[in-house]
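J.: Take a look at the following structure, please.
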Amino acid sequence: MINIVICGINGAMGKVIKRELETYENIRLVGTLSPRNGNTGEDIKDKVDVVIDFSNPANIDYLIDYNIEKNSALLICTTGYNLEQKNKIINAGKKIPVMLSSNTSPGVNVFRKILKNISAELNSFDIDIIERHHSKKIDSPSGTAKTLAEDIISVTGRDKIETHALRAGTIPGEHTVVFSGNGETLEIKHTAFSKNIFARGALDIALKFYNKPAGFYTTEDIFNNYDETFDEKFHERETSKCLRRLA
Ligand SMILES: NC(=O)C1=CN([C@@H]2O[C@H](COP(=O)(O)OP(=O)(O)OC[C@H]3O[C@@H](n4cnc5c(N)ncnc54)[C@H](OP(=O)(O)O)[C@@H]3O)[C@@H](O)[C@H]2O)C=CC1
Ligand SMILES: O=C(O)C1=N[C@H](C(=O)O)C[C@H](O)C1
């Protein structure tokens with residue numbers, strides 16, 4: 001049994017996680033955080049194994065301090081961080097296990113493996129990312145689109161990948177990578193039919209992640225069963241990826 005705390009429980013994702021939690025006998029919700037509403041977790045007396053965050057980048061300083069004080073793992077599913085915030089997250093890995101996951105669905109993590117193979121093979125093609133999300137989504141392009149762009153850049157050596165974003169209706173999340181060549185196109189696409197897939201993905205990751213040693217982790221570390229604890233070289237590599245993304 002692990003004890004979790006959720007930041008963003010009243011948001012769209014928070015509500016879905018709360019419902020999904022009812023089907024997990026090995027996870028107990030021991031509290032919630034909402035710093036902007038004055039809920040800073042003082043009432044939480046139980047041990048906290050992992051804080052799951054689906055909220056807003058504005059909460060990041062608070063979350064890092066809270067987790068360091070509690071010595072708990074921090075699973076950040078929020079997207080839209082700037083470079084300075086991402087650096088703080090990576091640095092927090094010196095003290096606590098911290099994971100930044102732009103997409104917790106199992107499907108997207110397989111998508112990423114396939115994407116790297118195809119991108120390396122079709123480097124002579126134009127490569128574009130198209131993402132579609134609900135009209136309430138704040139950040140654009142999506143965190144997943146940025147992650148997919150980084151994956152393509154890592155195997156093709158390109159400087160930038162074009163991303164195209166649509167915000168409309170209630171679309172839970174759709175990502176397509178289009179490879180356009182001379183007289184042909186190849187597309188790979190992931191569609192989330194509901195937010196449940198992200199909620200269950202986050203809870204499943206929390207179960208695997210809560211007892212890892214301090215370090216900065218990504219979803220790949222869990223899906224590939226690979227641990228990377230904090231080291232300076234890794235930090236430099238992540239920072240340069242951020243710089244490239246923001247360029
Ligand atoms: N990694 C993944 O797989 C997924 C990631 N996401 C990401 O999760 C995040 C939340 O998504 P979603 O639930 O749809 O968003 P919502 O806007 O529905 O909820 C976000 C919550 O964050 C808090 N919040 C909002 N604005 C602020 C602010 N300015 N300052 C501090 N706190 C704020 C609020 O909680 P309160 O009222 O308690 O303060 C709010 O309920 C987004 O970044 C989204 O991209 C979404 C789906 C999947
Ligand atoms: O805000 C959302 O809804 C989603 N956000 C994540 C992102 O920015 O990639 C993941 C998913 O696509 C849904």
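Going by the structure tokens order, chains are called A, B, ..., each with residues numbered from 1, while ligands are numbered from 1 in the order shown.
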May I ask you to write as an NGL selection string all residues lying at most 6 Å from ligand 1, with only C-alpha atoms and all ligand atoms counted?

T.: :A and (8-14 or 34 or 36 or 54-56 or 58-59 or 77-79 or 101-104 or 198)

J.: Report as a Markdown table: every residue of stretch 29-79 of chain A with an atom at most 8 Å from stretch 97-100 of chain A, its closest pair of atoms, and their distance in Å to one decimal, counting only C-alpha atoms, with rows sorted by chain and ascending residue number.

T.:
| residue | atom | partner | partner_atom | distance |
| --- | --- | --- | --- | --- |
| A:Ser72 | CA | A:Pro97 | CA | 7.5 |
| A:Ala73 | CA | A:Pro97 | CA | 4.9 |
| A:Leu74 | CA | A:Val98 | CA | 4.7 |
| A:Leu75 | CA | A:Met99 | CA | 4.9 |
| A:Ile76 | CA | A:Leu100 | CA | 4.9 |
| A:Cys77 | CA | A:Leu100 | CA | 6.2 |

J.: Would you list the residues that come within 7 Å of ligand 2? Count only C-alpha atoms and all ligand atoms and give the answer as a list in words.

T.: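 Those within range of ligand 2 are Thr79, Ser102, Asn103, His133, His134, Lys137, Asp139, Ser142, Gly143, Thr144, Ala145, Pro172, Gly173 and Glu174 of chain A.
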
J.: My list of candidates is A:Asn196, A:Thr32, A:Ser140, A:Thr176. Which is closest to A:Glu20 when distances are computed with only C-alpha atoms?

T.: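 Among A:Asn196, A:Thr32, A:Ser140, A:Thr176, it is A:Asn196 that comes nearest to A:Glu20.
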
J.: Could you name the residues that touch A:Thr185 at 10 Å or less, counting only C-alpha atoms, but leaving out those on the same chain fewer than 6 positions away, as a list in words?

T.: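 Using only C-alpha atoms, the neighbours found are Phe125, Asp126, Ile127, Val178 and Phe179 of chain A.
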
J.: For the alpha helix (DSSP H) assignment from backbone DSSP, which residues of stretch 31-227 of chain A qualify? Please present them as a PDB file with N, CA, C and O atoms, in the first residue's frame.

T.:
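After the write, states-v7.pdb holds the following:
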ATOM      1  N   ILE A  60       5.257  24.962  -9.029  1.00  0.00           N
ATOM      2  CA  ILE A  60       6.445  24.110  -8.989  1.00  0.00           C
ATOM      3  C   ILE A  60       7.366  24.363  -7.788  1.00  0.00           C
ATOM      4  O   ILE A  60       7.853  23.412  -7.168  1.00  0.00           O
ATOM      5  N   ASP A  61       7.602  25.649  -7.433  1.00  0.00           N
ATOM      6  CA  ASP A  61       8.509  25.913  -6.301  1.00  0.00           C
ATOM      7  C   ASP A  61       7.952  25.296  -5.018  1.00  0.00           C
ATOM      8  O   ASP A  61       8.665  24.651  -4.248  1.00  0.00           O
ATOM      9  N   TYR A  62       6.653  25.507  -4.824  1.00  0.00           N
ATOM     10  CA  TYR A  62       6.009  24.970  -3.628  1.00  0.00           C
ATOM     11  C   TYR A  62       6.150  23.436  -3.594  1.00  0.00           C
ATOM     12  O   TYR A  62       6.511  22.843  -2.570  1.00  0.00           O
ATOM     13  N   LEU A  63       5.855  22.811  -4.732  1.00  0.00           N
ATOM     14  CA  LEU A  63       5.877  21.340  -4.772  1.00  0.00           C
ATOM     15  C   LEU A  63       7.261  20.774  -4.465  1.00  0.00           C
ATOM     16  O   LEU A  63       7.391  19.793  -3.732  1.00  0.00           O
ATOM     17  N   ILE A  64       8.281  21.412  -5.030  1.00  0.00           N
ATOM     18  CA  ILE A  64       9.643  20.916  -4.784  1.00  0.00           C
ATOM     19  C   ILE A  64       9.977  21.038  -3.294  1.00  0.00           C
ATOM     20  O   ILE A  64      10.446  20.082  -2.665  1.00  0.00           O
ATOM     21  N   ASP A  65       9.683  22.212  -2.712  1.00  0.00           N
ATOM     22  CA  ASP A  65       9.976  22.404  -1.279  1.00  0.00           C
ATOM     23  C   ASP A  65       9.193  21.402  -0.419  1.00  0.00           C
ATOM     24  O   ASP A  65       9.740  20.815   0.516  1.00  0.00           O
ATOM     25  N   TYR A  66       7.928  21.203  -0.763  1.00  0.00           N
ATOM     26  CA  TYR A  66       7.081  20.288   0.019  1.00  0.00           C
ATOM     27  C   TYR A  66       7.654  18.869  -0.012  1.00  0.00           C
ATOM     28  O   TYR A  66       7.761  18.195   1.010  1.00  0.00           O
ATOM     29  N   ASN A  67       8.030  18.421  -1.195  1.00  0.00           N
ATOM     30  CA  ASN A  67       8.529  17.045  -1.328  1.00  0.00           C
ATOM     31  C   ASN A  67       9.884  16.855  -0.672  1.00  0.00           C
ATOM     32  O   ASN A  67      10.159  15.796  -0.119  1.00  0.00           O
ATOM     33  N   ILE A  68      10.711  17.902  -0.730  1.00  0.00           N
ATOM     34  CA  ILE A  68      12.017  17.787  -0.058  1.00  0.00           C
ATOM     35  C   ILE A  68      11.784  17.675   1.452  1.00  0.00           C
ATOM     36  O   ILE A  68      12.381  16.837   2.133  1.00  0.00           O
ATOM     37  N   GLU A  69      10.869  18.508   1.956  1.00  0.00           N
ATOM     38  CA  GLU A  69      10.589  18.474   3.398  1.00  0.00           C
ATOM     39  C   GLU A  69      10.019  17.118   3.812  1.00  0.00           C
ATOM     40  O   GLU A  69      10.375  16.558   4.835  1.00  0.00           O
ATOM     41  N   LYS A  70       9.150  16.554   2.998  1.00  0.00           N
ATOM     42  CA  LYS A  70       8.512  15.260   3.323  1.00  0.00           C
ATOM     43  C   LYS A  70       9.377  14.071   2.923  1.00  0.00           C
ATOM     44  O   LYS A  70       9.036  12.921   3.208  1.00  0.00           O
ATOM     45  N   LEU A  83      12.256  27.124 -19.150  1.00  0.00           N
ATOM     46  CA  LEU A  83      13.584  26.539 -18.938  1.00  0.00           C
ATOM     47  C   LEU A  83      14.016  26.620 -17.475  1.00  0.00           C
ATOM     48  O   LEU A  83      14.555  25.650 -16.924  1.00  0.00           O
ATOM     49  N   GLU A  84      13.775  27.767 -16.851  1.00  0.00           N
ATOM     50  CA  GLU A  84      14.190  27.951 -15.459  1.00  0.00           C
ATOM     51  C   GLU A  84      13.473  26.934 -14.561  1.00  0.00           C
ATOM     52  O   GLU A  84      14.097  26.304 -13.691  1.00  0.00           O
ATOM     53  N   GLN A  85      12.189  26.763 -14.795  1.00  0.00           N
ATOM     54  CA  GLN A  85      11.419  25.808 -13.984  1.00  0.00           C
ATOM     55  C   GLN A  85      11.898  24.382 -14.224  1.00  0.00           C
ATOM     56  O   GLN A  85      12.024  23.586 -13.307  1.00  0.00           O
ATOM     57  N   LYS A  86      12.196  24.079 -15.488  1.00  0.00           N
ATOM     58  CA  LYS A  86      12.646  22.708 -15.792  1.00  0.00           C
ATOM     59  C   LYS A  86      13.992  22.432 -15.115  1.00  0.00           C
ATOM     60  O   LYS A  86      14.237  21.348 -14.611  1.00  0.00           O
ATOM     61  N   ASN A  87      14.838  23.465 -15.098  1.00  0.00           N
ATOM     62  CA  ASN A  87      16.122  23.325 -14.415  1.00  0.00           C
ATOM     63  C   ASN A  87      15.948  23.046 -12.929  1.00  0.00           C
ATOM     64  O   ASN A  87      16.665  22.236 -12.348  1.00  0.00           O
ATOM     65  N   LYS A  88      14.986  23.732 -12.324  1.00  0.00           N
ATOM     66  CA  LYS A  88      14.713  23.516 -10.888  1.00  0.00           C
ATOM     67  C   LYS A  88      14.262  22.079 -10.654  1.00  0.00           C
ATOM     68  O   LYS A  88      14.633  21.442  -9.670  1.00  0.00           O
ATOM     69  N   ILE A  89      13.436  21.581 -11.584  1.00  0.00           N
ATOM     70  CA  ILE A  89      12.931  20.206 -11.445  1.00  0.00           C
ATOM     71  C   ILE A  89      14.095  19.215 -11.533  1.00  0.00           C
ATOM     72  O   ILE A  89      14.230  18.304 -10.711  1.00  0.00           O
ATOM     73  N   ILE A  90      14.952  19.434 -12.524  1.00  0.00           N
ATOM     74  CA  ILE A  90      16.090  18.518 -12.688  1.00  0.00           C
ATOM     75  C   ILE A  90      16.989  18.568 -11.446  1.00  0.00           C
ATOM     76  O   ILE A  90      17.430  17.540 -10.931  1.00  0.00           O
ATOM     77  N   ASN A  91      17.215  19.787 -10.942  1.00  0.00           N
ATOM     78  CA  ASN A  91      18.059  19.946  -9.755  1.00  0.00           C
ATOM     79  C   ASN A  91      17.463  19.315  -8.506  1.00  0.00           C
ATOM     80  O   ASN A  91      18.202  18.852  -7.632  1.00  0.00           O
ATOM     81  N   ALA A  92      16.131  19.296  -8.434  1.00  0.00           N
ATOM     82  CA  ALA A  92      15.475  18.671  -7.270  1.00  0.00           C
ATOM     83  C   ALA A  92      15.857  17.193  -7.183  1.00  0.00           C
ATOM     84  O   ALA A  92      15.831  16.591  -6.110  1.00  0.00           O
ATOM     85  N   PRO A 106       0.410   4.504 -21.646  1.00  0.00           N
ATOM     86  CA  PRO A 106       1.354   3.490 -22.141  1.00  0.00           C
ATOM     87  C   PRO A 106       1.541   3.595 -23.654  1.00  0.00           C
ATOM     88  O   PRO A 106       2.641   3.409 -24.173  1.00  0.00           O
ATOM     89  N   GLY A 107       0.458   3.922 -24.376  1.00  0.00           N
ATOM     90  CA  GLY A 107       0.531   3.973 -25.843  1.00  0.00           C
ATOM     91  C   GLY A 107       1.542   4.986 -26.348  1.00  0.00           C
ATOM     92  O   GLY A 107       2.307   4.704 -27.273  1.00  0.00           O
ATOM     93  N   VAL A 108       1.565   6.170 -25.731  1.00  0.00           N
ATOM     94  CA  VAL A 108       2.503   7.193 -26.204  1.00  0.00           C
ATOM     95  C   VAL A 108       3.941   6.758 -25.964  1.00  0.00           C
ATOM     96  O   VAL A 108       4.838   7.086 -26.746  1.00  0.00           O
ATOM     97  N   ASN A 109       4.149   5.986 -24.910  1.00  0.00           N
ATOM     98  CA  ASN A 109       5.520   5.561 -24.660  1.00  0.00           C
ATOM     99  C   ASN A 109       6.008   4.519 -25.656  1.00  0.00           C
ATOM    100  O   ASN A 109       7.193   4.494 -25.997  1.00  0.00           O
ATOM    101  N   VAL A 110       5.103   3.727 -26.197  1.00  0.00           N
ATOM    102  CA  VAL A 110       5.482   2.819 -27.291  1.00  0.00           C
ATOM    103  C   VAL A 110       5.641   3.639 -28.580  1.00  0.00           C
ATOM    104  O   VAL A 110       6.579   3.428 -29.366  1.00  0.00           O
ATOM    105  N   PHE A 111       4.733   4.593 -28.770  1.00  0.00           N
ATOM    106  CA  PHE A 111       4.800   5.520 -29.910  1.00  0.00           C
ATOM    107  C   PHE A 111       6.224   6.113 -30.010  1.00  0.00           C
ATOM    108  O   PHE A 111       6.817   6.199 -31.086  1.00  0.00           O
ATOM    109  N   ARG A 112       6.765   6.517 -28.865  1.00  0.00           N
ATOM    110  CA  ARG A 112       8.080   7.182 -28.867  1.00  0.00           C
ATOM    111  C   ARG A 112       9.185   6.248 -29.374  1.00  0.00           C
ATOM    112  O   ARG A 112      10.090   6.669 -30.089  1.00  0.00           O
ATOM    113  N   LYS A 113       9.085   4.981 -29.010  1.00  0.00           N
ATOM    114  CA  LYS A 113      10.109   4.028 -29.477  1.00  0.00           C
ATOM    115  C   LYS A 113      10.021   3.862 -30.988  1.00  0.00           C
ATOM    116  O   LYS A 113      11.019   3.894 -31.708  1.00  0.00           O
ATOM    117  N   ILE A 114       8.790   3.673 -31.489  1.00  0.00           N
ATOM    118  CA  ILE A 114       8.574   3.496 -32.931  1.00  0.00           C
ATOM    119  C   ILE A 114       9.024   4.753 -33.663  1.00  0.00           C
ATOM    120  O   ILE A 114       9.687   4.693 -34.711  1.00  0.00           O
ATOM    121  N   LEU A 115       8.670   5.924 -33.086  1.00  0.00           N
ATOM    122  CA  LEU A 115       8.981   7.209 -33.711  1.00  0.00           C
ATOM    123  C   LEU A 115      10.484   7.364 -33.941  1.00  0.00           C
ATOM    124  O   LEU A 115      10.923   7.831 -34.999  1.00  0.00           O
ATOM    125  N   LYS A 116      11.267   6.971 -32.938  1.00  0.00           N
ATOM    126  CA  LYS A 116      12.727   7.134 -33.077  1.00  0.00           C
ATOM    127  C   LYS A 116      13.247   6.286 -34.234  1.00  0.00           C
ATOM    128  O   LYS A 116      14.079   6.743 -35.018  1.00  0.00           O
ATOM    129  N   ASN A 117      12.740   5.058 -34.347  1.00  0.00           N
ATOM    130  CA  ASN A 117      13.183   4.182 -35.445  1.00  0.00           C
ATOM    131  C   ASN A 117      12.820   4.774 -36.793  1.00  0.00           C
ATOM    132  O   ASN A 117      13.651   4.870 -37.698  1.00  0.00           O
ATOM    133  N   ILE A 118      11.558   5.182 -36.945  1.00  0.00           N
ATOM    134  CA  ILE A 118      11.104   5.696 -38.246  1.00  0.00           C
ATOM    135  C   ILE A 118      11.836   6.998 -38.587  1.00  0.00           C
ATOM    136  O   ILE A 118      12.244   7.211 -39.732  1.00  0.00           O
ATOM    137  N   SER A 119      12.006   7.866 -37.597  1.00  0.00           N
ATOM    138  CA  SER A 119      12.656   9.167 -37.858  1.00  0.00           C
ATOM    139  C   SER A 119      14.076   8.977 -38.378  1.00  0.00           C
ATOM    140  O   SER A 119      14.520   9.680 -39.296  1.00  0.00           O
ATOM    141  N   ALA A 120      14.776   8.007 -37.793  1.00  0.00           N
ATOM    142  CA  ALA A 120      16.156   7.764 -38.233  1.00  0.00           C
ATOM    143  C   ALA A 120      16.155   7.280 -39.685  1.00  0.00           C
ATOM    144  O   ALA A 120      16.993   7.672 -40.496  1.00  0.00           O
ATOM    145  N   GLU A 121      15.172   6.432 -40.036  1.00  0.00           N
ATOM    146  CA  GLU A 121      15.107   5.865 -41.394  1.00  0.00           C
ATOM    147  C   GLU A 121      14.651   6.894 -42.428  1.00  0.00           C
ATOM    148  O   GLU A 121      15.044   6.845 -43.579  1.00  0.00           O
ATOM    149  N   GLY A 143       2.827  19.348 -24.109  1.00  0.00           N
ATOM    150  CA  GLY A 143       4.069  18.785 -23.570  1.00  0.00           C
ATOM    151  C   GLY A 143       4.491  17.553 -24.351  1.00  0.00           C
ATOM    152  O   GLY A 143       5.683  17.334 -24.613  1.00  0.00           O
ATOM    153  N   THR A 144       3.505  16.750 -24.742  1.00  0.00           N
ATOM    154  CA  THR A 144       3.828  15.529 -25.504  1.00  0.00           C
ATOM    155  C   THR A 144       4.450  15.895 -26.847  1.00  0.00           C
ATOM    156  O   THR A 144       5.432  15.260 -27.273  1.00  0.00           O
ATOM    157  N   ALA A 145       3.885  16.914 -27.526  1.00  0.00           N
ATOM    158  CA  ALA A 145       4.441  17.311 -28.832  1.00  0.00           C
ATOM    159  C   ALA A 145       5.905  17.730 -28.668  1.00  0.00           C
ATOM    160  O   ALA A 145       6.760  17.393 -29.500  1.00  0.00           O
ATOM    161  N   LYS A 146       6.196  18.442 -27.558  1.00  0.00           N
ATOM    162  CA  LYS A 146       7.591  18.858 -27.328  1.00  0.00           C
ATOM    163  C   LYS A 146       8.493  17.645 -27.080  1.00  0.00           C
ATOM    164  O   LYS A 146       9.618  17.588 -27.557  1.00  0.00           O
ATOM    165  N   THR A 147       7.959  16.676 -26.337  1.00  0.00           N
ATOM    166  CA  THR A 147       8.742  15.455 -26.073  1.00  0.00           C
ATOM    167  C   THR A 147       8.993  14.695 -27.379  1.00  0.00           C
ATOM    168  O   THR A 147      10.119  14.228 -27.637  1.00  0.00           O
ATOM    169  N   LEU A 148       7.955  14.579 -28.213  1.00  0.00           N
ATOM    170  CA  LEU A 148       8.119  13.866 -29.498  1.00  0.00           C
ATOM    171  C   LEU A 148       9.132  14.608 -30.375  1.00  0.00           C
ATOM    172  O   LEU A 148       9.969  13.967 -31.041  1.00  0.00           O
ATOM    173  N   ALA A 149       9.078  15.956 -30.350  1.00  0.00           N
ATOM    174  CA  ALA A 149      10.035  16.733 -31.151  1.00  0.00           C
ATOM    175  C   ALA A 149      11.466  16.458 -30.667  1.00  0.00           C
ATOM    176  O   ALA A 149      12.380  16.264 -31.476  1.00  0.00           O
ATOM    177  N   GLU A 150      11.644  16.406 -29.347  1.00  0.00           N
ATOM    178  CA  GLU A 150      12.976  16.106 -28.798  1.00  0.00           C
ATOM    179  C   GLU A 150      13.444  14.725 -29.227  1.00  0.00           C
ATOM    180  O   GLU A 150      14.618  14.520 -29.544  1.00  0.00           O
ATOM    181  N   ASP A 151      12.511  13.761 -29.230  1.00  0.00           N
ATOM    182  CA  ASP A 151      12.872  12.395 -29.649  1.00  0.00           C
ATOM    183  C   ASP A 151      13.348  12.392 -31.102  1.00  0.00           C
ATOM    184  O   ASP A 151      14.341  11.738 -31.439  1.00  0.00           O
ATOM    185  N   ILE A 152      12.619  13.129 -31.959  1.00  0.00           N
ATOM    186  CA  ILE A 152      12.995  13.160 -33.389  1.00  0.00           C
ATOM    187  C   ILE A 152      14.359  13.846 -33.537  1.00  0.00           C
ATOM    188  O   ILE A 152      15.250  13.350 -34.247  1.00  0.00           O
ATOM    189  N   ILE A 153      14.521  14.975 -32.839  1.00  0.00           N
ATOM    190  CA  ILE A 153      15.789  15.718 -32.913  1.00  0.00           C
ATOM    191  C   ILE A 153      16.962  14.837 -32.454  1.00  0.00           C
ATOM    192  O   ILE A 153      18.034  14.844 -33.047  1.00  0.00           O
ATOM    193  N   SER A 154      16.704  14.038 -31.417  1.00  0.00           N
ATOM    194  CA  SER A 154      17.798  13.225 -30.864  1.00  0.00           C
ATOM    195  C   SER A 154      18.323  12.189 -31.856  1.00  0.00           C
ATOM    196  O   SER A 154      19.486  11.797 -31.786  1.00  0.00           O
ATOM    197  N   VAL A 155      17.470  11.731 -32.793  1.00  0.00           N
ATOM    198  CA  VAL A 155      17.954  10.715 -33.743  1.00  0.00           C
ATOM    199  C   VAL A 155      18.249  11.278 -35.132  1.00  0.00           C
ATOM    200  O   VAL A 155      18.918  10.615 -35.934  1.00  0.00           O
ATOM    201  N   THR A 156      17.759  12.481 -35.433  1.00  0.00           N
ATOM    202  CA  THR A 156      17.975  13.026 -36.789  1.00  0.00           C
ATOM    203  C   THR A 156      19.023  14.135 -36.803  1.00  0.00           C
ATOM    204  O   THR A 156      19.511  14.507 -37.870  1.00  0.00           O
ATOM    205  N   ASN A 196      -9.046   9.080 -18.764  1.00  0.00           N
ATOM    206  CA  ASN A 196      -8.777   7.956 -17.856  1.00  0.00           C
ATOM    207  C   ASN A 196      -7.421   7.319 -18.118  1.00  0.00           C
ATOM    208  O   ASN A 196      -6.740   6.867 -17.197  1.00  0.00           O
ATOM    209  N   ILE A 197      -7.058   7.275 -19.383  1.00  0.00           N
ATOM    210  CA  ILE A 197      -5.801   6.615 -19.746  1.00  0.00           C
ATOM    211  C   ILE A 197      -4.604   7.314 -19.091  1.00  0.00           C
ATOM    212  O   ILE A 197      -3.666   6.677 -18.626  1.00  0.00           O
ATOM    213  N   PHE A 198      -4.678   8.658 -19.009  1.00  0.00           N
ATOM    214  CA  PHE A 198      -3.585   9.409 -18.365  1.00  0.00           C
ATOM    215  C   PHE A 198      -3.611   9.214 -16.845  1.00  0.00           C
ATOM    216  O   PHE A 198      -2.560   9.120 -16.201  1.00  0.00           O
ATOM    217  N   ALA A 199      -4.835   9.160 -16.304  1.00  0.00           N
ATOM    218  CA  ALA A 199      -4.968   9.006 -14.847  1.00  0.00           C
ATOM    219  C   ALA A 199      -4.435   7.633 -14.408  1.00  0.00           C
ATOM    220  O   ALA A 199      -3.625   7.533 -13.481  1.00  0.00           O
ATOM    221  N   ARG A 200      -4.866   6.584 -15.092  1.00  0.00           N
ATOM    222  CA  ARG A 200      -4.404   5.235 -14.737  1.00  0.00           C
ATOM    223  C   ARG A 200      -2.902   5.104 -14.971  1.00  0.00           C
ATOM    224  O   ARG A 200      -2.186   4.476 -14.192  1.00  0.00           O
ATOM    225  N   GLY A 201      -2.448   5.729 -16.062  1.00  0.00           N
ATOM    226  CA  GLY A 201      -1.000   5.689 -16.356  1.00  0.00           C
ATOM    227  C   GLY A 201      -0.208   6.314 -15.217  1.00  0.00           C
ATOM    228  O   GLY A 201       0.813   5.771 -14.782  1.00  0.00           O
ATOM    229  N   ALA A 202      -0.697   7.455 -14.698  1.00  0.00           N
ATOM    230  CA  ALA A 202       0.024   8.140 -13.616  1.00  0.00           C
ATOM    231  C   ALA A 202       0.035   7.279 -12.350  1.00  0.00           C
ATOM    232  O   ALA A 202       1.063   7.168 -11.669  1.00  0.00           O
ATOM    233  N   LEU A 203      -1.106   6.652 -12.048  1.00  0.00           N
ATOM    234  CA  LEU A 203      -1.163   5.813 -10.833  1.00  0.00           C
ATOM    235  C   LEU A 203      -0.257   4.591 -10.979  1.00  0.00           C
ATOM    236  O   LEU A 203       0.438   4.198 -10.035  1.00  0.00           O
ATOM    237  N   ASP A 204      -0.233   4.011 -12.172  1.00  0.00           N
ATOM    238  CA  ASP A 204       0.647   2.848 -12.405  1.00  0.00           C
ATOM    239  C   ASP A 204       2.126   3.251 -12.292  1.00  0.00           C
ATOM    240  O   ASP A 204       2.945   2.519 -11.734  1.00  0.00           O
ATOM    241  N   ILE A 205       2.441   4.436 -12.827  1.00  0.00           N
ATOM    242  CA  ILE A 205       3.830   4.915 -12.716  1.00  0.00           C
ATOM    243  C   ILE A 205       4.172   5.164 -11.242  1.00  0.00           C
ATOM    244  O   ILE A 205       5.253   4.793 -10.774  1.00  0.00           O
ATOM    245  N   ALA A 206       3.241   5.777 -10.503  1.00  0.00           N
ATOM    246  CA  ALA A 206       3.495   6.077  -9.079  1.00  0.00           C
ATOM    247  C   ALA A 206       3.869   4.804  -8.322  1.00  0.00           C
ATOM    248  O   ALA A 206       4.783   4.807  -7.490  1.00  0.00           O
ATOM    249  N   LEU A 207       3.197   3.699  -8.634  1.00  0.00           N
ATOM    250  CA  LEU A 207       3.475   2.436  -7.941  1.00  0.00           C
ATOM    251  C   LEU A 207       4.892   1.923  -8.212  1.00  0.00           C
ATOM    252  O   LEU A 207       5.504   1.277  -7.365  1.00  0.00           O
ATOM    253  N   LYS A 208       5.400   2.230  -9.404  1.00  0.00           N
ATOM    254  CA  LYS A 208       6.751   1.766  -9.750  1.00  0.00           C
ATOM    255  C   LYS A 208       7.818   2.769  -9.316  1.00  0.00           C
ATOM    256  O   LYS A 208       8.988   2.445  -9.203  1.00  0.00           O
ATOM    257  N   PHE A 209       7.405   4.009  -9.127  1.00  0.00           N
ATOM    258  CA  PHE A 209       8.363   5.099  -8.961  1.00  0.00           C
ATOM    259  C   PHE A 209       8.603   5.507  -7.507  1.00  0.00           C
ATOM    260  O   PHE A 209       9.682   5.991  -7.158  1.00  0.00           O
ATOM    261  N   THR A 219       9.581   9.278 -18.102  1.00  0.00           N
ATOM    262  CA  THR A 219       8.712   8.106 -18.249  1.00  0.00           C
ATOM    263  C   THR A 219       9.473   6.923 -18.844  1.00  0.00           C
ATOM    264  O   THR A 219       9.212   5.777 -18.511  1.00  0.00           O
ATOM    265  N   GLU A 220      10.429   7.235 -19.714  1.00  0.00           N
ATOM    266  CA  GLU A 220      11.214   6.160 -20.349  1.00  0.00           C
ATOM    267  C   GLU A 220      11.912   5.294 -19.303  1.00  0.00           C
ATOM    268  O   GLU A 220      12.070   4.101 -19.488  1.00  0.00           O
ATOM    269  N   ASP A 221      12.345   5.932 -18.208  1.00  0.00           N
ATOM    270  CA  ASP A 221      13.058   5.183 -17.166  1.00  0.00           C
ATOM    271  C   ASP A 221      12.163   4.110 -16.562  1.00  0.00           C
ATOM    272  O   ASP A 221      12.633   3.044 -16.178  1.00  0.00           O
ATOM    273  N   ILE A 222      10.870   4.384 -16.473  1.00  0.00           N
ATOM    274  CA  ILE A 222       9.942   3.412 -15.897  1.00  0.00           C
ATOM    275  C   ILE A 222       9.546   2.385 -16.959  1.00  0.00           C
ATOM    276  O   ILE A 222       9.589   1.178 -16.733  1.00  0.00           O
ATOM    277  N   PHE A 223       9.214   2.861 -18.155  1.00  0.00           N
ATOM    278  CA  PHE A 223       8.768   1.931 -19.190  1.00  0.00           C
ATOM    279  C   PHE A 223       9.897   1.026 -19.682  1.00  0.00           C
ATOM    280  O   PHE A 223       9.663  -0.065 -20.149  1.00  0.00           O
TER     281      PHE A 223
END

J.: I'd like the neighbourhood of A:Leu33 as a ChimeraX atom specification, where a residue qualifies if any of its atoms comes within 9 Å (using only C-alpha atoms), though same-chain residues fewer than 3 positions away should be ignored.

T.: /A:5-9,37-41,63

J.: Between atom CA of A:Leu122 and atom CA of A:Ser105, what is the spacing in Å?

T.: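 Interatomic distance here is 25.6 Å.
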
J.: For A:Tyr81, which residue among A:Pro141, A:Glu25, A:Ser124, A:Gly31 is the nearest when counting only C-alpha atoms?

T.: A:Pro141
